[in-house]
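Take a look at the structure set out below.
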Amino acid sequence: MAEENTTPEGVSEEAGSATDTEQQEDVTANLSDAGKKALVEERKARTAAERQARAAQKQLEDLSKRLQEFEDRDKTEAQKLAERATAAEKTAAAAQAELMRYRVAAEKKLPAELAARLQGSTPEEMAEDAEKLLALFNAQQRQTPSYDGGVRQTARPTSMNDLIRQTAGRA
């Protein structure tokens, strides 16, 4: 009996996730009681199916993790050591490249801030790049304007002792 008392207001409450309630009322106004009942049941079924899909996705992720654990467990000790050796070789290569950059920067008297920007795979290539960076760096420093107007004066003494030293030519 409760199913027979389904009203358009009951349908709109069930489908509270819809954005346009007027459109729902227009759709349900043309339906008979059986159609309204079927619409409500279809919406409930869709919601349940979405829940099942999310649960299945979570279960798939969990099973994928377990499969990876089983594969890792079945690896031989030699395979595990080979993977660790490969990772260690990558780390060592990166450290050697960084050391080479800093050595070239020190030889060329390049500021330490610019050492990480050196490009190249050999010391010669890095030396060429360091010379280019130095040329750019020095050119930029030469272009820095002087704001003193070309006239330089010594600082005025702040104490009597400084004044005596300046007058005596010892400052």
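All residue names refer to the structure tokens as shown: chains lettered A, B, ... in order, residues numbered from 1 in each chain, ligands numbered from 1 in order.
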Open item on the list: So that I can see what lies close to region 100-115 of chain A, please list as a ChimeraX atom specification the residues with an atom at most 12 Å from it, counting only C-alpha atoms and leaving out residues fewer than 3 positions away in the same chain.
Closed with: /A:93-97,118-138
TODO: Figure out the distance between CA of Ala34 (chain A) and CA of Arg51 (chain A), please, to one decimal in Å.
DONE: 25.9 Å
